[in-house]
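One file, coords-v2.txt, carrying compact mmCIF, C-alpha atoms:
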```txt
# COMPACT_ATOMS: atom_id res chain seq x y z
CA VAL T 1 7.30 8.39 -3.80
CA ALA T 2 4.78 6.52 -1.66
CA SER T 3 4.82 6.97 2.11
CA LEU T 4 3.37 4.39 4.50
CA GLU T 5 0.59 6.89 5.23
CA ASP T 6 -0.24 7.19 1.53
CA LEU T 7 -0.37 3.43 1.13
CA THR T 8 -2.47 3.07 4.28
CA ASN T 9 -4.95 5.67 3.06
CA ARG T 10 -5.13 4.21 -0.40
CA MET T 11 -5.79 0.71 0.95
CA ARG T 12 -8.46 2.13 3.26
CA ASP T 13 -10.16 3.92 0.37
CA PHE T 14 -9.88 0.84 -1.84
CA THR T 15 -11.51 -1.24 0.87
CA GLN T 16 -14.31 1.21 1.61
CA ALA T 17 -15.16 1.73 -2.07
CA ARG T 18 -15.80 -2.04 -2.37
CA ASP T 19 -17.40 -2.40 1.09
CA TRP T 20 -14.72 -4.99 1.89
CA GLY T 21 -14.25 -3.79 5.48
CA ARG T 22 -16.33 -6.73 6.66
CA PHE T 23 -13.65 -9.11 5.36
CA HIS T 24 -10.75 -7.18 6.89
CA ASP T 25 -10.62 -8.41 10.46
CA LEU T 26 -7.30 -9.18 12.15
CA LYS T 27 -7.43 -12.92 11.54
CA SER T 28 -8.41 -12.74 7.87
CA LEU T 29 -5.75 -10.13 7.10
CA THR T 30 -3.07 -12.16 8.90
CA LEU T 31 -4.05 -15.16 6.78
CA ALA T 32 -3.79 -12.97 3.67
CA LEU T 33 -0.34 -11.85 4.84
CA ALA T 34 0.73 -15.47 5.36
CA GLY T 35 -0.61 -16.29 1.91
CA GLU T 36 1.47 -13.58 0.25
CA VAL T 37 4.63 -14.48 2.19
CA GLY T 38 3.99 -18.03 1.00
CA GLU T 39 4.08 -16.77 -2.58
CA VAL T 40 7.42 -15.07 -1.91
CA ALA T 41 8.69 -18.35 -0.44
CA GLU T 42 7.66 -20.23 -3.58
CA LEU T 43 9.69 -17.81 -5.71
CA VAL T 44 12.94 -18.42 -3.83
CA GLN T 45 12.62 -21.92 -2.36
CA TRP T 46 14.64 -23.87 -4.92
CA LEU T 47 17.23 -21.19 -5.69
CA PRO T 48 20.71 -22.66 -5.23
CA ALA T 49 22.31 -20.97 -2.22
CA GLU T 50 25.03 -19.36 -4.33
CA ARG T 51 22.40 -17.72 -6.54
CA ALA T 52 20.28 -16.45 -3.63
CA THR T 53 22.39 -13.40 -2.82
CA THR T 54 20.75 -11.31 -5.52
CA ALA T 55 17.85 -11.47 -7.96
CA ASP T 56 18.13 -11.48 -11.73
CA ASP T 57 15.65 -9.38 -13.74
CA GLY T 58 12.94 -12.01 -14.03
CA LEU T 59 13.02 -12.94 -10.36
CA ARG T 60 13.18 -9.29 -9.32
CA ASP T 61 9.99 -8.50 -11.21
CA ARG T 62 8.12 -11.41 -9.70
CA LEU T 63 9.44 -10.57 -6.24
CA ALA T 64 8.39 -6.92 -6.70
CA ASP T 65 4.86 -8.10 -7.37
CA GLU T 66 4.66 -10.38 -4.33
CA LEU T 67 6.53 -8.07 -1.94
CA ALA T 68 4.07 -5.33 -2.90
CA ASP T 69 1.20 -7.61 -1.89
CA VAL T 70 2.89 -8.31 1.44
CA LEU T 71 3.31 -4.58 2.06
CA LEU T 72 -0.26 -3.72 1.12
CA TYR T 73 -1.77 -6.32 3.44
CA LEU T 74 0.70 -5.30 6.13
CA VAL T 75 -0.33 -1.63 6.08
CA ARG T 76 -3.97 -2.68 5.98
CA LEU T 77 -3.55 -4.99 8.98
CA ALA T 78 -1.73 -2.26 10.91
CA ASP T 79 -4.51 0.18 10.07
CA VAL T 80 -7.25 -2.15 11.32
CA ALA T 81 -5.23 -2.89 14.48
CA GLY T 82 -4.71 0.82 15.15
CA VAL T 83 -0.93 0.48 14.83
CA ASP T 84 1.26 3.34 13.54
CA LEU T 85 3.52 1.11 11.47
CA GLY T 86 6.23 3.68 10.72
CA ALA T 87 6.52 4.70 14.38
CA ALA T 88 6.59 1.05 15.44
CA ALA T 89 9.40 0.34 12.97
CA LEU T 90 11.49 3.30 14.18
CA ASP T 91 10.93 2.20 17.77
CA LYS T 92 12.05 -1.31 16.91
CA LEU T 93 15.15 -0.06 15.11
CA ALA T 94 16.13 1.92 18.20
CA ARG T 95 15.68 -1.12 20.42
CA ASN T 96 17.60 -3.36 18.00
CA ASP T 97 20.52 -0.93 18.14
CA GLU T 98 20.65 -1.42 21.91
CA ARG T 99 19.98 -5.13 21.81
CA PHE T 100 22.67 -5.94 19.26
CA PRO T 101 25.68 -3.72 20.05
CA VAL T 102 28.02 -3.47 17.09
CA THR T 103 31.09 -4.44 19.08
CA THR T 104 29.49 -7.64 20.40
CA PHE T 105 27.64 -8.81 17.33
CA ARG T 106 29.98 -7.95 14.53
CA SER T 107 29.96 -10.98 12.17
CA ILE T 108 28.03 -13.11 14.66
CA ALA T 109 24.60 -14.30 13.54
CA PRO T 110 21.77 -12.69 15.51
CA GLU T 111 20.50 -15.92 17.04
CA ALA T 112 23.85 -16.25 18.84
CA ARG T 113 22.56 -13.64 21.30
CA VAL X 1 7.77 10.17 10.10
CA ALA X 2 9.66 7.24 8.60
CA SER X 3 9.61 6.69 4.85
CA LEU X 4 10.27 3.33 3.23
CA GLU X 5 13.57 4.77 2.00
CA ASP X 6 14.58 5.78 5.52
CA LEU X 7 13.76 2.35 6.86
CA THR X 8 15.59 0.68 3.98
CA ASN X 9 18.68 2.79 4.58
CA ARG X 10 18.62 2.26 8.32
CA MET X 11 18.32 -1.51 7.92
CA ARG X 12 21.19 -1.45 5.40
CA ASP X 13 23.39 0.53 7.80
CA PHE X 14 22.40 -1.71 10.71
CA THR X 15 23.38 -4.77 8.68
CA GLN X 16 26.67 -3.38 7.43
CA ALA X 17 27.75 -2.18 10.88
CA ARG X 18 27.45 -5.77 12.16
CA ASP X 19 28.76 -7.38 8.96
CA TRP X 20 25.52 -9.34 8.75
CA GLY X 21 25.22 -9.01 4.98
CA ARG X 22 26.48 -12.57 4.63
CA PHE X 23 23.31 -13.79 6.40
CA HIS X 24 20.93 -11.65 4.35
CA ASP X 25 20.38 -13.66 1.21
CA LEU X 26 16.91 -13.97 -0.35
CA LYS X 27 16.13 -17.35 1.19
CA SER X 28 17.23 -16.49 4.72
CA LEU X 29 15.34 -13.20 4.71
CA THR X 30 12.19 -14.87 3.40
CA LEU X 31 12.45 -17.38 6.24
CA ALA X 32 12.84 -14.48 8.68
CA LEU X 33 9.75 -12.86 7.16
CA ALA X 34 7.78 -16.10 7.54
CA GLY X 35 8.99 -16.34 11.13
CA GLU X 36 7.72 -12.86 11.96
CA VAL X 37 4.38 -13.40 10.22
CA GLY X 38 4.13 -16.58 12.29
CA GLU X 39 4.48 -14.47 15.42
CA VAL X 40 1.66 -12.20 14.24
CA ALA X 41 -0.44 -15.32 13.62
CA GLU X 42 0.19 -16.55 17.16
CA LEU X 43 -1.10 -13.23 18.54
CA VAL X 44 -4.46 -13.46 16.78
CA GLN X 45 -5.06 -17.20 16.24
CA TRP X 46 -7.43 -17.84 19.16
CA LEU X 47 -9.23 -14.49 19.13
CA PRO X 48 -12.98 -15.11 18.95
CA ALA X 49 -14.19 -13.89 15.57
CA GLU X 50 -16.35 -11.18 17.11
CA ARG X 51 -13.32 -9.74 18.91
CA ALA X 52 -11.05 -9.82 15.85
CA THR X 53 -12.35 -6.66 14.20
CA THR X 54 -10.16 -4.42 16.32
CA ALA X 55 -7.30 -4.69 18.83
CA ASP X 56 -7.45 -3.67 22.50
CA ASP X 57 -4.47 -1.81 23.96
CA GLY X 58 -2.52 -4.90 25.00
CA LEU X 59 -2.93 -6.67 21.69
CA ARG X 60 -2.20 -3.47 19.75
CA ASP X 61 1.15 -3.04 21.50
CA ARG X 62 2.16 -6.64 20.83
CA LEU X 63 0.99 -6.39 17.22
CA ALA X 64 2.93 -3.13 16.77
CA ASP X 65 6.07 -4.96 17.84
CA GLU X 66 5.59 -7.90 15.48
CA LEU X 67 4.29 -5.89 12.52
CA ALA X 68 7.39 -3.70 12.84
CA ASP X 69 9.55 -6.81 12.55
CA VAL X 70 7.64 -7.87 9.44
CA LEU X 71 8.15 -4.44 7.88
CA LEU X 72 11.86 -4.31 8.69
CA TYR X 73 12.57 -7.71 7.15
CA LEU X 74 10.36 -6.81 4.21
CA VAL X 75 12.29 -3.63 3.35
CA ARG X 76 15.55 -5.51 3.85
CA LEU X 77 14.45 -8.31 1.52
CA ALA X 78 13.32 -5.79 -1.10
CA ASP X 79 16.65 -3.99 -0.83
CA VAL X 80 18.67 -7.19 -1.34
CA ALA X 81 16.41 -8.16 -4.27
CA GLY X 82 16.84 -4.73 -5.90
CA VAL X 83 13.10 -4.03 -5.62
CA ASP X 84 11.75 -0.49 -5.17
CA LEU X 85 9.07 -1.47 -2.67
CA GLY X 86 7.12 1.80 -2.70
CA ALA X 87 6.98 1.90 -6.50
CA ALA X 88 5.94 -1.75 -6.60
CA ALA X 89 3.12 -1.09 -4.12
CA LEU X 90 1.83 1.89 -6.11
CA ASP X 91 1.96 -0.17 -9.28
CA LYS X 92 0.03 -2.98 -7.60
CA LEU X 93 -2.60 -0.55 -6.28
CA ALA X 94 -3.16 0.75 -9.80
CA ARG X 95 -3.55 -2.77 -11.15
CA ASN X 96 -5.88 -3.77 -8.32
CA ASP X 97 -8.12 -0.80 -9.15
CA GLU X 98 -8.48 -2.18 -12.67
CA ARG X 99 -8.75 -5.80 -11.60
CA PHE X 100 -11.48 -5.22 -9.03
CA PRO X 101 -13.85 -2.59 -10.46
CA VAL X 102 -15.96 -1.00 -7.74
CA THR X 103 -19.22 -1.66 -9.52
CA THR X 104 -18.52 -5.37 -9.94
CA PHE X 105 -16.92 -6.15 -6.62
CA ARG X 106 -18.92 -4.05 -4.18
CA SER X 107 -19.54 -6.29 -1.13
CA ILE X 108 -18.28 -9.38 -2.93
CA ALA X 109 -15.23 -11.07 -1.44
CA PRO X 110 -12.13 -10.79 -3.66
CA GLU X 111 -11.75 -14.52 -4.27
CA ALA X 112 -15.11 -14.48 -6.02
CA ARG X 113 -13.27 -13.01 -9.00
CA VAL S 1 4.34 -46.25 16.16
CA ALA S 2 1.76 -43.51 15.67
CA SER S 3 -0.50 -43.56 12.64
CA LEU S 4 -2.19 -40.46 11.25
CA GLU S 5 -5.49 -41.90 12.51
CA ASP S 6 -4.10 -42.29 16.03
CA LEU S 7 -2.82 -38.74 16.05
CA THR S 8 -6.10 -37.43 14.64
CA ASN S 9 -8.09 -39.27 17.30
CA ARG S 10 -5.81 -38.16 20.10
CA MET S 11 -6.02 -34.52 19.02
CA ARG S 12 -9.82 -34.84 18.82
CA ASP S 13 -10.01 -36.31 22.32
CA PHE S 14 -7.59 -33.69 23.65
CA THR S 15 -9.75 -30.94 22.17
CA GLN S 16 -13.04 -32.33 23.41
CA ALA S 17 -11.76 -32.94 26.93
CA ARG S 18 -10.94 -29.22 27.19
CA ASP S 19 -13.99 -28.02 25.26
CA TRP S 20 -11.62 -26.31 22.82
CA GLY S 21 -13.67 -27.22 19.73
CA ARG S 22 -15.05 -23.70 19.69
CA PHE S 23 -11.53 -22.38 18.96
CA HIS S 24 -10.77 -24.93 16.25
CA ASP S 25 -12.34 -23.46 13.15
CA LEU S 26 -10.54 -23.57 9.80
CA LYS S 27 -9.16 -20.03 10.00
CA SER S 28 -7.87 -20.28 13.56
CA LEU S 29 -6.20 -23.63 12.92
CA THR S 30 -4.58 -22.35 9.73
CA LEU S 31 -3.19 -19.41 11.72
CA ALA S 32 -1.88 -21.89 14.31
CA LEU S 33 -0.26 -23.88 11.51
CA ALA S 34 1.37 -20.73 10.11
CA GLY S 35 2.58 -19.87 13.60
CA GLU S 36 4.26 -23.24 14.04
CA VAL S 37 5.84 -23.16 10.58
CA GLY S 38 7.13 -19.72 11.55
CA GLU S 39 8.85 -21.30 14.53
CA VAL S 40 10.48 -23.86 12.25
CA ALA S 41 11.63 -20.98 10.01
CA GLU S 42 13.20 -19.20 12.98
CA LEU S 43 15.22 -22.33 13.79
CA VAL S 44 16.84 -22.56 10.35
CA GLN S 45 16.78 -18.99 8.99
CA TRP S 46 20.40 -18.02 9.72
CA LEU S 47 22.00 -21.42 9.13
CA PRO S 48 24.83 -21.04 6.63
CA ALA S 49 23.81 -22.82 3.43
CA GLU S 50 26.60 -25.38 3.76
CA ARG S 51 25.37 -26.37 7.22
CA ALA S 52 21.70 -26.63 6.18
CA THR S 53 21.91 -30.08 4.61
CA THR S 54 21.57 -31.84 7.95
CA ALA S 55 20.78 -31.03 11.60
CA ASP S 56 23.17 -31.49 14.53
CA ASP S 57 21.78 -32.96 17.76
CA GLY S 58 20.68 -29.65 19.29
CA LEU S 59 18.93 -28.44 16.17
CA ARG S 60 17.35 -31.84 15.57
CA ASP S 61 15.76 -31.82 19.03
CA ARG S 62 14.36 -28.33 18.57
CA LEU S 63 13.11 -29.18 15.08
CA ALA S 64 11.47 -32.37 16.41
CA ASP S 65 9.53 -30.23 18.86
CA GLU S 66 8.33 -27.72 16.26
CA LEU S 67 7.69 -30.23 13.47
CA ALA S 68 5.52 -32.18 15.93
CA ASP S 69 3.47 -29.02 16.53
CA VAL S 70 3.06 -28.55 12.78
CA LEU S 71 1.89 -32.16 12.38
CA LEU S 72 -0.56 -31.99 15.29
CA TYR S 73 -2.23 -28.81 13.99
CA LEU S 74 -2.19 -30.28 10.49
CA VAL S 75 -4.06 -33.46 11.48
CA ARG S 76 -6.47 -31.35 13.57
CA LEU S 77 -7.15 -29.00 10.65
CA ALA S 78 -7.71 -31.95 8.29
CA ASP S 79 -10.10 -33.50 10.81
CA VAL S 80 -12.18 -30.33 11.13
CA ALA S 81 -12.20 -29.93 7.33
CA GLY S 82 -13.34 -33.54 6.84
CA VAL S 83 -10.17 -34.40 4.89
CA ASP S 84 -8.63 -37.89 5.00
CA LEU S 85 -5.05 -36.68 5.17
CA GLY S 86 -3.34 -40.02 4.48
CA ALA S 87 -5.51 -40.71 1.43
CA ALA S 88 -4.94 -37.16 0.17
CA ALA S 89 -1.17 -37.59 0.49
CA LEU S 90 -1.19 -40.91 -1.37
CA ASP S 91 -3.31 -39.34 -4.09
CA LYS S 92 -0.89 -36.43 -4.38
CA LEU S 93 2.11 -38.75 -4.56
CA ALA S 94 0.49 -40.61 -7.44
CA ARG S 95 -0.20 -37.37 -9.29
CA ASN S 96 3.33 -36.08 -8.63
CA ASP S 97 4.75 -39.25 -10.16
CA GLU S 98 2.84 -38.45 -13.36
CA ARG S 99 3.52 -34.72 -13.26
CA PHE S 100 7.27 -35.04 -12.82
CA PRO S 101 8.43 -37.99 -14.94
CA VAL S 102 11.83 -39.23 -13.84
CA THR S 103 13.33 -39.05 -17.31
CA THR S 104 12.34 -35.41 -17.80
CA PHE S 105 13.03 -34.02 -14.35
CA ARG S 106 16.18 -35.84 -13.31
CA SER S 107 18.42 -33.20 -11.66
CA ILE S 108 16.17 -30.35 -12.78
CA ALA S 109 14.55 -28.29 -10.05
CA PRO S 110 10.76 -28.75 -9.87
CA GLU S 111 9.91 -25.15 -10.74
CA ALA S 112 11.53 -25.66 -14.14
CA ARG S 113 8.36 -27.44 -15.15
CA VAL K 1 -3.78 -46.69 4.75
CA ALA K 2 -0.60 -44.64 4.60
CA SER K 3 1.67 -44.48 7.64
CA LEU K 4 4.13 -41.66 8.26
CA GLU K 5 6.92 -44.17 7.53
CA ASP K 6 5.36 -45.07 4.18
CA LEU K 7 5.02 -41.42 3.19
CA THR K 8 8.57 -40.69 4.34
CA ASN K 9 9.94 -43.58 2.30
CA ARG K 10 7.92 -42.67 -0.77
CA MET K 11 9.08 -39.04 -0.64
CA ARG K 12 12.67 -40.23 -0.21
CA ASP K 13 12.37 -42.54 -3.22
CA PHE K 14 10.65 -39.82 -5.26
CA THR K 15 13.49 -37.44 -4.44
CA GLN K 16 16.28 -39.88 -5.18
CA ALA K 17 14.76 -41.00 -8.49
CA ARG K 18 14.91 -37.39 -9.71
CA ASP K 19 18.23 -36.57 -8.02
CA TRP K 20 16.47 -33.74 -6.18
CA GLY K 21 18.28 -34.35 -2.89
CA ARG K 22 20.51 -31.39 -3.68
CA PHE K 23 17.48 -29.09 -3.45
CA HIS K 24 16.18 -30.60 -0.23
CA ASP K 25 18.17 -28.82 2.46
CA LEU K 26 16.50 -27.64 5.67
CA LYS K 27 16.06 -24.03 4.53
CA SER K 28 14.62 -24.85 1.10
CA LEU K 29 12.18 -27.39 2.52
CA THR K 30 11.04 -24.98 5.23
CA LEU K 31 10.38 -22.39 2.51
CA ALA K 32 8.39 -25.02 0.59
CA LEU K 33 6.43 -25.77 3.75
CA ALA K 34 5.69 -22.05 4.25
CA GLY K 35 4.62 -21.83 0.62
CA GLU K 36 2.12 -24.68 0.98
CA VAL K 37 0.74 -23.32 4.26
CA GLY K 38 0.32 -20.03 2.43
CA GLU K 39 -1.84 -21.81 -0.13
CA VAL K 40 -3.99 -23.23 2.67
CA ALA K 41 -4.30 -19.69 4.08
CA GLU K 42 -5.46 -18.38 0.71
CA LEU K 43 -8.24 -20.99 0.64
CA VAL K 44 -9.72 -19.92 3.97
CA GLN K 45 -8.75 -16.26 4.40
CA TRP K 46 -12.02 -14.63 3.33
CA LEU K 47 -14.41 -17.25 4.70
CA PRO K 48 -16.97 -15.55 6.91
CA ALA K 49 -16.34 -16.66 10.51
CA GLU K 50 -19.68 -18.43 10.74
CA ARG K 51 -18.83 -20.54 7.68
CA ALA K 52 -15.32 -21.44 8.87
CA THR K 53 -16.35 -24.22 11.26
CA THR K 54 -16.57 -26.79 8.51
CA ALA K 55 -15.74 -27.16 4.78
CA ASP K 56 -18.25 -27.72 2.01
CA ASP K 57 -17.38 -30.26 -0.72
CA GLY K 58 -15.56 -27.83 -2.99
CA LEU K 59 -13.45 -26.35 -0.22
CA ARG K 60 -12.76 -29.79 1.26
CA ASP K 61 -11.31 -31.03 -2.04
CA ARG K 62 -9.08 -28.00 -2.44
CA LEU K 63 -7.97 -28.23 1.20
CA ALA K 64 -7.23 -31.97 0.77
CA ASP K 65 -4.90 -31.08 -2.07
CA GLU K 66 -3.01 -28.38 -0.16
CA LEU K 67 -2.93 -30.18 3.19
CA ALA K 68 -1.42 -33.17 1.37
CA ASP K 69 1.36 -30.90 0.08
CA VAL K 70 1.99 -29.61 3.59
CA LEU K 71 2.23 -33.18 4.93
CA LEU K 72 4.54 -34.36 2.15
CA TYR K 73 7.01 -31.50 2.66
CA LEU K 74 6.72 -31.97 6.42
CA VAL K 75 7.70 -35.66 6.31
CA ARG K 76 10.49 -34.83 3.85
CA LEU K 77 11.84 -32.07 6.11
CA ALA K 78 11.70 -34.37 9.14
CA ASP K 79 13.54 -37.07 7.19
CA VAL K 80 16.34 -34.70 6.15
CA ALA K 81 16.59 -33.38 9.72
CA GLY K 82 16.80 -36.91 11.14
CA VAL K 83 13.58 -36.42 13.12
CA ASP K 84 11.20 -39.34 13.86
CA LEU K 85 8.05 -37.33 13.27
CA GLY K 86 5.57 -39.85 14.71
CA ALA K 87 7.59 -40.28 17.90
CA ALA K 88 7.98 -36.50 18.22
CA ALA K 89 4.22 -36.04 17.88
CA LEU K 90 3.46 -38.68 20.54
CA ASP K 91 6.00 -37.06 22.84
CA LYS K 92 4.41 -33.66 22.29
CA LEU K 93 0.92 -35.03 22.96
CA ALA K 94 2.10 -36.45 26.28
CA ARG K 95 3.65 -33.14 27.27
CA ASN K 96 0.54 -31.21 26.20
CA ASP K 97 -1.57 -33.43 28.43
CA GLU K 98 0.57 -32.38 31.38
CA ARG K 99 0.86 -28.75 30.33
CA PHE K 100 -2.86 -28.19 29.85
CA PRO K 101 -4.65 -30.12 32.62
CA VAL K 102 -8.29 -30.69 31.75
CA THR K 103 -9.58 -29.26 35.01
CA THR K 104 -7.66 -26.00 34.61
CA PHE K 105 -8.09 -25.40 30.90
CA ARG K 106 -11.62 -26.54 30.25
CA SER K 107 -13.18 -23.92 27.92
CA ILE K 108 -10.24 -21.55 28.36
CA ALA K 109 -8.25 -20.74 25.25
CA PRO K 110 -4.71 -22.17 25.29
CA GLU K 111 -2.96 -18.82 25.24
CA ALA K 112 -4.51 -18.05 28.63
CA ARG K 113 -1.87 -20.34 30.12
```
Starting from the file, give its structure as structure tokens.
Amino acid sequence: VASLEDLTNRMRDFTQARDWGRFHDLKSLTLALAGEVGEVAELVQWLPAERATTADDGLRDRLADELADVLLYLVRLADVAGVDLGAAALDKLARNDERFPVTTFRSIAPEAR
Amino acid sequence: VASLEDLTNRMRDFTQARDWGRFHDLKSLTLALAGEVGEVAELVQWLPAERATTADDGLRDRLADELADVLLYLVRLADVAGVDLGAAALDKLARNDERFPVTTFRSIAPEAR
Amino acid sequence: VASLEDLTNRMRDFTQARDWGRFHDLKSLTLALAGEVGEVAELVQWLPAERATTADDGLRDRLADELADVLLYLVRLADVAGVDLGAAALDKLARNDERFPVTTFRSIAPEAR
Amino acid sequence: VASLEDLTNRMRDFTQARDWGRFHDLKSLTLALAGEVGEVAELVQWLPAERATTADDGLRDRLADELADVLLYLVRLADVAGVDLGAAALDKLARNDERFPVTTFRSIAPEAR
């Protein structure tokens, strides 16, 4: 099982072994992240709404590939920015629990806040 | 320390407690992911190139917040798609090691492949 | 009525008057474009599928605002890149007509190519 | 010379001829837009900062192709949303002139507002 720290370290090693650190500034990595999210978008964009609640085997495999790319650039970007991604996510979860109380938001879309 | 499984489970619980599963189809979650990556982009877009290699304290805090949102929607999207995100990332790392041999790609940008 | 040339010229004048040309490189403008598309995504992400075929007055006004931002950064990016955006669009339309013949693609989603 | 109205009408005709209107809801078209912006991002992501101020011939041609796709989905999305894109852009330009007075913002990046 891969932890966020493992993935972060492996991406850092991968980058250093190829001397790619010069390419990995905040703007370039954010563009790479947008590029990979764009590939995810292309996989799902024309799915009929009623078939978008789950992924069949073929779509799941292609999504796995693209979602992995998103995650790898995400941990790399966090590393370069000095962000502890796991801690930031836990912090955000705690704040979301307060921001969207279950009793108020049950069945109401989040933007109705 | 948060694992991807922890975050996945916490997002699933968060969603179920609010009955928000109806909103979390593949297309809607990909749009949410694009929205959060857009917020990351807005944080770094006008940084002068020479200041984009690292983040000062203020930028790091704002990036932590937005990168956390990206991660949370990413694990949620993977969960709905039936994708094991950690396994997919490890698989991708292994393939990238083969695809970009150190001796060939040292100091050469990846798109030069 | 605004033409693409008008908008391009007005964005160029706007940029020069503020000496913002230094910020308008290809990477920064692409990040700005991704940021604005992210704002569009946030406007539509939780729309129920059956309500996403059209926009009511409130959504239309907010979309007008964000789609305008997308267009303005798009014409600015094309200008910096030396691309004639109108000619490129006409060229793409002509190629799409050949790539997706009506008789073959009628009612079949484009990715089924 | 192509006007926004021409492009809008041609995309509408293209869509109707293939009976693709069913695919062109607000969420699907926004995903398509994010996908095309992602392709632009992939073209510029690893450009060294000092080479990102302009595009050489090869990059310009590839950017022309992708920026055209962005524009075509943008006019299609505006059409489905009932947005007059040219009018919205002119309106935004007028508001930007007021929001960023030349004397205040000369040489200062826009996010310093």
Give me the residues of chain S that have any atom at most 8 Å from an atom of segment 47-67 of chain K; for each, the nearest atom pair and the distance in Å, rounded to one decimal. Use all atoms listed in the file, sort by chain and number, and format it as a tab-separated table.
```
residue	atom	partner	partner_atom	distance
S:His24	CA	K:Thr53	CA	7.5
S:Asp25	CA	K:Thr53	CA	4.5
S:Leu26	CA	K:Ala52	CA	5.3
S:Lys27	CA	K:Ala52	CA	6.4
S:Leu74	CA	K:Leu67	CA	7.3
S:Ala78	CA	K:Leu67	CA	7.2
S:Val80	CA	K:Thr54	CA	6.2
S:Ala81	CA	K:Ala55	CA	5.2
S:Gly82	CA	K:Arg60	CA	6.7
S:Val83	CA	K:Ala64	CA	5.6
S:Asp84	CA	K:Ala64	CA	7.4
S:Leu85	CA	K:Ala64	CA	6.8
S:Ala88	CA	K:Ala64	CA	5.7
S:Ala89	CA	K:Asp65	CA	7.9
S:Lys92	CA	K:Asp65	CA	7.1
```
### Task
Quote the spacing between atom CA of Leu29 of chain K and atom CA of Gln45 of chain T in Å to one decimal place.
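Result for atom CA of Leu29 of chain K versus atom CA of Gln45 of chain T: 7.3 Å, one decimal.
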### Message
Set the cut-off to 10 Å and count only C-alpha atoms: what are the residues of chain S that reach chain X? Output as a list in words.
### Response
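Every residue meeting the condition is included here: Arg22, Phe23, His24, Asp25, Lys27, Ser28, Leu29, Thr30, Leu31, Ala32, Leu33, Ala34, Gly35, Glu36, Val37, Gly38, Glu39, Val40, Ala41, Glu42, Leu43, Val44, Gln45, Trp46, Leu47, Pro48 and Ala49 of chain S.
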### Between atom CA of Arg76 of chain K and atom CA of Arg10 of chain K - distance in Å to one decimal
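According to the coordinates, atom CA of Arg10 of chain K and atom CA of Arg76 of chain K are separated by 9.5 Å.
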Can you tell me, as lines of an AutoDock Vina configuration file, the centre and edge lengths (Å, one decimal) of the axis-aligned box enclosing all of segment 49-66 of chain S's listed atoms after padding each side by 6 Å?
```
center_x = 17.5
center_y = -27.9
center_z = 11.4
size_x = 30.3
size_y = 22.1
size_z = 27.9
```
### Minimum-distance residue to Asp6 of chain X, chosen among X:Asp79, X:Ser107, X:Trp20, X:Val70 (using only C-alpha atoms)
X:Asp79
#### Entry: Among the residues S:Leu77, S:Ala68, S:Glu5, S:Asp97, the one that comes closest to Gly21 of chain S [using all atoms listed in the file]
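Selected residue with least distance to Gly21 of chain S: S:Leu77.
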### Query
Do you have the atom CA of Leu90 of chain K-atom CA of Ala2 of chain S distance handy?
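Distance reported for this atom pair: 7.1 Å.
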